[in-house]
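A.B. asks: Below are the structure tokens for one structure; questions will follow.
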Amino acid sequence: MRTLAKGCFAHRRLVVLAWVAALGLASALHFAVGSAYHDEFRLKGTESMQAVALLQRAAPATSGDTEQVVIAVSHGRVTDRPVRARVTRMLAAVARLPHVSQISSPYGRLGAAQVAPSGRVAFAAVTFDVRSERVSAAASTRFVDTARRAAGRGLAVEVEGQIARAGVNAGSGGLGVGFLAAGIVLFLVFGSLAAMALPLLAAALSLGTGVALTGVLSHAIAMASFSEQLSLLIGLGVGIDYALFIVTRYRQGLLRGLSGEEAVMEAVDTSGRAVLFAGVIVCVAMLGMIALGVSFLYGVAIAASIAVAFTVIAALTLLPALLGFFGPRVLRRRERRALASGRLRDSDESRGWARWAGWMQRRPALFAAVAGALMVLIAVPFLSMRLGSADSGSDPAGTTTRKAYDLLAQGFGPGYNGPLQLVAVVRGPAQRAAFVRVERAVAATPGVVHAGPPVFVPGRPTGGGSVRGALARGGGSVRGAPAGGGGSVRGSVPAPHAPAIAMATVIPAGSPQAASTANLLHAVREHVIPAAARGSGLRVLVGGQTAIFDDFASVLAAKLPQFLAVVVVVSFLLMVAVFRSLLVPLVAAVMNLLSAAAAFGVVTAVFQDGFGASLIGIDRTGPIEAFLPVMMFAILFGLSMDYEVFLVTRIHEEWHRRGNNRDAVTHGLAATGRTITAAATIMILVFAAFILGGQRVIDLFGVGLASAVLLDAVVVRSALVPALMLSLGRANWALPRWLARLLPHLRLEGTAAARRPLTAPAG
């Protein structure tokens with residue numbers, strides 16, 4: 001590490017130019033090819049995906065997403081001739097868009113059910129021949145714009161659905177606000193514009209390069225639509241923090257009288273090692289999501305890991321080069337004057353944190369008990385977390401998807417925003433009759449406001465054939481035919497004994513995100529359908545977007561223990577090798593789990609229970625996104641380990657220097673407490689700033705990560721971990737001899753500390 005730091009310092013111009021060139025080339029490539037972020041769910045074996053696969057194979061025109069184009073009038077009725085003419089022209093234009101296979105118009109022969117009883121609200125169902133993740137962002141935007149073009153003069157047109165959501169430009173988050181807030185904190189900590197600029201400059205170059213390459217990579221790897229925002233959120237937070245730790249150690253070296261080159265070498269050889277290890281832990285935690293076997297998370301894990309990896313590389317190469325240019329200007333003016341007059345510092349410790357550590361020394365068990373109880377109390381709401389997927393009713397109030405949701409709920413009921421779909425292969429009259437019985441039984445189930453009528457589409461579901469016809473839900477028309485005027489279903493009616501695809505739509509009473517809808521889905525699958533289809537040999541699948549998200553939640557919940565085990569065990573083993581201890585890694589793992597649980601408790605209290613939600617602009621609560629616990633745990637475990645590594649590395653260094661556990665913990669906390677608090681403050685402000693983006697998923701991560709870092713830095717690393725280490729005494733550093741012989745020697749304290757012999761422990 002010292003050789004790397006010396007080389008980057010000596011050849012600083014070349015290093016900086018290389019980074020600028022890397023950013024320029026990556027940005028140019030990204031500009032040329034663009035990005036291809038999209039949400040892709042592949043949940044093999046789930047019932048909802050089996051329904052999708054069946055439709056894709058046998059009736060591709062009906063296998064894609066169905067969007068709702070909602071129309072409403074401020075006076076009169078939607079069936080009035082002028083309104084009908086405008087809507088008909090608009091639907092004809094929508095029908096000509098790519099991948100639109102059919103449109104069910106409210107003005108069709110069977111479209112009366114698509115007009116609300118009040119006559120002021122109606123909807124057209126637009127079916128695509130592909131699922132939403134296969135529709136580009138540009139095509140999604142064009143679809144929304146084409147539909148809304150008819151609005152005006154008392155007519156409102158809004159669009160709701162997964163494709164419409166992708167077509168609504170979500171804010172990029174508070175990237176600028178986060179940079180500004182981080183700069184203010186850095187200036188307050190360092191008191192120098194140069195020291196403030198260094199972490200921001202390093203983060204900007206590394207993040208710009210990493211995000212540009214990730215955008216290019218999205219063409220080869222499926223990456224969720226929020227991957228870029230999440231990568232920026234994580235990368236900005238850890239990038240500035242990593243730079244902060246190295247710059248702080250560099251400043252401390254200068255104030256002790258080291259030359260610029262020596263100070264850079266020491267900073268990279270100590271804090272740089274901790275940065276490298278912490279970055280590896282974050283990447284391990286993120287890439288651990290691949291062990292879940294859910295493809296939706298692969299791209300997100302890779303994107304976030306790339307962002308973190310580039311920030312680590314920049315901290316170890318670009319930052320030493322920049323420090324060579326800035327030199328003593330990273331110090332305050334009075335510090336530079338003191339250094340010029342020969343007044344050197346002999347300690348890196350903060351007096352305030354030294355006093356705090358002294359108080360903790362007297363009653364470590366009391367500090368540990370109070371801090372632990374506080375974390376457990378905050379984590380209590382986590383026990384009632386309900387996984388699912390928030391529907392469009394949780395979108396920001398001004399978006400077209402939210403307006404369409406509210407209009408549909410007002411005119412028809414909330415269940416129209418997320419219908420379920422019954423799908424089956426029927427062979428012969430007996431199974432056709434059985435499907436009708438199933439549809440009627442489902443229609444009579446409490447919690448269902450409407451079902452059917454059944455529609456049978458000819459096909460060869462087991463032989464790889466295709467269906468020429470296209471299902472028109474409730475009447476309307478197919479693509480290429482007029483959007484109004486009594487639509488029809490193309491293709492032949494299946495012969496009585498020919499295999500066919502049977503379909504029926506089920507409208508729940510509750511909204512897609514309501515617990516009642518999830519309960520209804522399970523009741524229909526587990527009880528209603530088996531009872532109605534008994535003895536017929538008919539297998540009826542329940543699909544639709546609501547069912548897909550429910551299955552997604554079930555899959556992730558089942559695989560979560562496996563994921564936790566992989567991340568915790570790998571991180572534990574790495575820390576055992578680094579700190580040559582069993583208790584220190586064990587305490588770290590438990591504390592990280594506790595921090596994650598507390599963060600989940602805050603997220604549940606805000607987004608599900610509504611506690612303080614209005615303060616951040618959330619006006620409607622809902623379930624927690626199914627993938628959030630997995631992803632947030634991976635991020636939180638990595639970020640929590642950052643602070644653990646920086647704290648325990650310094651304590652370990654003091655342990656080697658002093659050989660006394662109490663002194664090592666006290667002096668280690670006094671030396672790092674101020675820096676960790678400053679780093680946490682920056683990360684909290686960066687994460688909180690992203691709440692300004694208006695995208696619920698990023699809001700969830702912003703609140704969860706900000707609260708986790710706050711609790712982790714203030715409660716866990718400042719009180720709970722030091723108090724436990726004080727209570728455990730010399731047992732912190734105990735390691736069986738046989739294991740010590742097997743483990744590689746990995747030290748984060750630097751080569752100078754590694755050369756010091758370990759003195760006999762005094763306590």
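So you can find residues: chains in the structure tokens are A, B, ... in the order shown, residues in each start at 1, and ligands are numbered from 1 in order.
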Give me the residues within 7 Å of region 208-225 of chain A as a count of residues only, counting only C-alpha atoms and dropping any in the same chain fewer than 5 places off.

C.D. replies: 20

A.B. asks: Once DSSP has gone over the backbone, tell me which residues of region 1-84 of chain A are in helix (DSSP H, G or I), as a PyMOL selection string.

C.D. replies: chain A and resi 2-10+12-33+47-58+60-62+81-84

A.B. asks: Generate the output file for the selected residues, C-alpha atoms, as a PDB file, in the first residue's frame.

C.D. replies:
ATOM      1  CA  ARG A   2       2.875   2.346   0.758  1.00  0.00           C
ATOM      2  CA  THR A   3       4.359   1.651  -2.680  1.00  0.00           C
ATOM      3  CA  LEU A   4       1.004   2.386  -4.321  1.00  0.00           C
ATOM      4  CA  ALA A   5       0.629   5.640  -2.402  1.00  0.00           C
ATOM      5  CA  LYS A   6       4.195   6.707  -3.190  1.00  0.00           C
ATOM      6  CA  GLY A   7       3.751   5.981  -6.883  1.00  0.00           C
ATOM      7  CA  CYS A   8       0.467   7.888  -7.146  1.00  0.00           C
ATOM      8  CA  PHE A   9       1.948  10.812  -5.212  1.00  0.00           C
ATOM      9  CA  ALA A  10       5.070  10.957  -7.376  1.00  0.00           C
ATOM     10  CA  ARG A  12       0.192  12.641  -9.655  1.00  0.00           C
ATOM     11  CA  ARG A  13      -0.238  14.422 -12.984  1.00  0.00           C
ATOM     12  CA  LEU A  14      -0.382  11.136 -14.861  1.00  0.00           C
ATOM     13  CA  VAL A  15      -2.846   9.643 -12.340  1.00  0.00           C
ATOM     14  CA  VAL A  16      -5.227  12.608 -12.507  1.00  0.00           C
ATOM     15  CA  LEU A  17      -5.064  12.690 -16.308  1.00  0.00           C
ATOM     16  CA  ALA A  18      -5.797   8.962 -16.416  1.00  0.00           C
ATOM     17  CA  TRP A  19      -8.910   9.438 -14.284  1.00  0.00           C
ATOM     18  CA  VAL A  20     -10.105  12.385 -16.357  1.00  0.00           C
ATOM     19  CA  ALA A  21      -9.543  10.352 -19.535  1.00  0.00           C
ATOM     20  CA  ALA A  22     -11.421   7.381 -18.042  1.00  0.00           C
ATOM     21  CA  LEU A  23     -14.359   9.620 -17.174  1.00  0.00           C
ATOM     22  CA  GLY A  24     -14.346  11.167 -20.655  1.00  0.00           C
ATOM     23  CA  LEU A  25     -14.194   7.846 -22.487  1.00  0.00           C
ATOM     24  CA  ALA A  26     -16.854   6.217 -20.293  1.00  0.00           C
ATOM     25  CA  SER A  27     -19.170   9.214 -20.641  1.00  0.00           C
ATOM     26  CA  ALA A  28     -18.697   9.333 -24.425  1.00  0.00           C
ATOM     27  CA  LEU A  29     -19.467   5.634 -24.725  1.00  0.00           C
ATOM     28  CA  HIS A  30     -22.507   6.021 -22.498  1.00  0.00           C
ATOM     29  CA  PHE A  31     -23.711   8.983 -24.542  1.00  0.00           C
ATOM     30  CA  ALA A  32     -23.282   6.987 -27.759  1.00  0.00           C
ATOM     31  CA  VAL A  33     -25.122   3.820 -26.726  1.00  0.00           C
ATOM     32  CA  GLU A  47     -47.985 -19.696 -10.342  1.00  0.00           C
ATOM     33  CA  SER A  48     -48.188 -16.158 -11.703  1.00  0.00           C
ATOM     34  CA  MET A  49     -45.166 -16.668 -13.961  1.00  0.00           C
ATOM     35  CA  GLN A  50     -46.551 -19.998 -15.141  1.00  0.00           C
ATOM     36  CA  ALA A  51     -49.657 -18.100 -16.220  1.00  0.00           C
ATOM     37  CA  VAL A  52     -47.502 -15.586 -18.087  1.00  0.00           C
ATOM     38  CA  ALA A  53     -45.512 -18.363 -19.771  1.00  0.00           C
ATOM     39  CA  LEU A  54     -48.710 -20.115 -20.820  1.00  0.00           C
ATOM     40  CA  LEU A  55     -50.083 -16.979 -22.438  1.00  0.00           C
ATOM     41  CA  GLN A  56     -46.770 -16.156 -24.104  1.00  0.00           C
ATOM     42  CA  ARG A  57     -46.640 -19.602 -25.652  1.00  0.00           C
ATOM     43  CA  ALA A  58     -50.263 -20.044 -26.633  1.00  0.00           C
ATOM     44  CA  PRO A  60     -48.890 -14.042 -27.212  1.00  0.00           C
ATOM     45  CA  ALA A  61     -51.184 -11.150 -28.078  1.00  0.00           C
ATOM     46  CA  THR A  62     -52.715 -11.383 -24.607  1.00  0.00           C
ATOM     47  CA  ARG A  81     -70.725  12.553 -28.792  1.00  0.00           C
ATOM     48  CA  PRO A  82     -67.893  15.181 -28.692  1.00  0.00           C
ATOM     49  CA  VAL A  83     -66.085  13.330 -25.903  1.00  0.00           C
ATOM     50  CA  ARG A  84     -66.526   9.999 -27.650  1.00  0.00           C
TER      51      ARG A  84
END

A.B. asks: Restricting the calculation to only C-alpha atoms: of A:Leu639, A:Ala689, A:Ala150, A:Leu331, which residue gets closest to Gly253 (chain A)?

C.D. replies: A:Leu331

A.B. asks: Do a neighbour search on Val570 (chain A) at 10 Å with only C-alpha atoms, toss out local chain neighbours closer than 3 positions, and write the hits as a PyMOL selection string.

C.D. replies: chain A and resi 281+284-285+288+565-567+573-576

A.B. asks: Go ahead and save the residues from that selection, with N, CA and C atoms, as a PDB file, in the first residue's frame.

C.D. replies:
ATOM      1  N   ILE A 281     -16.082  -5.554   1.844  1.00  0.00           N
ATOM      2  CA  ILE A 281     -17.236  -6.032   2.608  1.00  0.00           C
ATOM      3  C   ILE A 281     -18.534  -5.552   1.969  1.00  0.00           C
ATOM      4  N   VAL A 284     -19.088  -7.561  -1.155  1.00  0.00           N
ATOM      5  CA  VAL A 284     -19.480  -8.925  -0.807  1.00  0.00           C
ATOM      6  C   VAL A 284     -20.943  -8.962  -0.389  1.00  0.00           C
ATOM      7  N   ALA A 285     -21.349  -7.984   0.419  1.00  0.00           N
ATOM      8  CA  ALA A 285     -22.739  -7.940   0.869  1.00  0.00           C
ATOM      9  C   ALA A 285     -23.684  -7.728  -0.302  1.00  0.00           C
ATOM     10  N   GLY A 288     -23.748 -10.736  -2.588  1.00  0.00           N
ATOM     11  CA  GLY A 288     -24.390 -11.861  -1.919  1.00  0.00           C
ATOM     12  C   GLY A 288     -25.828 -12.045  -2.345  1.00  0.00           C
ATOM     13  N   ALA A 565     -27.420 -15.647   5.927  1.00  0.00           N
ATOM     14  CA  ALA A 565     -26.348 -16.544   6.354  1.00  0.00           C
ATOM     15  C   ALA A 565     -25.102 -16.357   5.502  1.00  0.00           C
ATOM     16  N   VAL A 566     -25.274 -16.231   4.189  1.00  0.00           N
ATOM     17  CA  VAL A 566     -24.125 -16.083   3.294  1.00  0.00           C
ATOM     18  C   VAL A 566     -23.353 -14.806   3.616  1.00  0.00           C
ATOM     19  N   VAL A 567     -24.078 -13.677   3.715  1.00  0.00           N
ATOM     20  CA  VAL A 567     -23.417 -12.392   3.949  1.00  0.00           C
ATOM     21  C   VAL A 567     -22.737 -12.360   5.310  1.00  0.00           C
ATOM     22  N   LEU A 573     -15.899 -14.330   8.560  1.00  0.00           N
ATOM     23  CA  LEU A 573     -14.622 -14.983   8.277  1.00  0.00           C
ATOM     24  C   LEU A 573     -13.557 -13.969   7.868  1.00  0.00           C
ATOM     25  N   LEU A 574     -13.935 -12.979   7.072  1.00  0.00           N
ATOM     26  CA  LEU A 574     -12.977 -11.949   6.674  1.00  0.00           C
ATOM     27  C   LEU A 574     -12.476 -11.167   7.893  1.00  0.00           C
ATOM     28  N   MET A 575     -13.384 -10.850   8.806  1.00  0.00           N
ATOM     29  CA  MET A 575     -12.981 -10.085   9.985  1.00  0.00           C
ATOM     30  C   MET A 575     -12.134 -10.927  10.933  1.00  0.00           C
ATOM     31  N   VAL A 576     -12.422 -12.227  11.007  1.00  0.00           N
ATOM     32  CA  VAL A 576     -11.583 -13.105  11.831  1.00  0.00           C
ATOM     33  C   VAL A 576     -10.148 -13.084  11.315  1.00  0.00           C
TER      34      VAL A 576
END

A.B. asks: Mind checking which residues fall within 9 Å of Gly413 (chain A), counting only C-alpha atoms, ignoring those fewer than 4 positions away in the same chain, and posting them as a PDB file with C-alpha atoms, in the first residue's frame?

C.D. replies:
ATOM      1  CA  LEU A 408     -60.546   4.588 -11.232  1.00  0.00           C
ATOM      2  CA  ALA A 409     -60.987   4.177  -7.496  1.00  0.00           C
ATOM      3  CA  ASN A 417     -56.423  -0.803 -10.490  1.00  0.00           C
ATOM      4  CA  VAL A 449     -66.749  -7.270  -6.840  1.00  0.00           C
ATOM      5  CA  PRO A 508     -61.059  -7.458  -5.996  1.00  0.00           C
ATOM      6  CA  ALA A 509     -62.781  -5.075  -3.635  1.00  0.00           C
ATOM      7  CA  GLY A 510     -59.488  -3.833  -2.243  1.00  0.00           C
ATOM      8  CA  SER A 511     -56.612  -2.033  -3.910  1.00  0.00           C
TER       9      SER A 511
END

A.B. asks: What gap, in Å, lies between CA of Asp609 (chain A) and CA of Ile624 (chain A)?

C.D. replies: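 The value is 10.4 Å.
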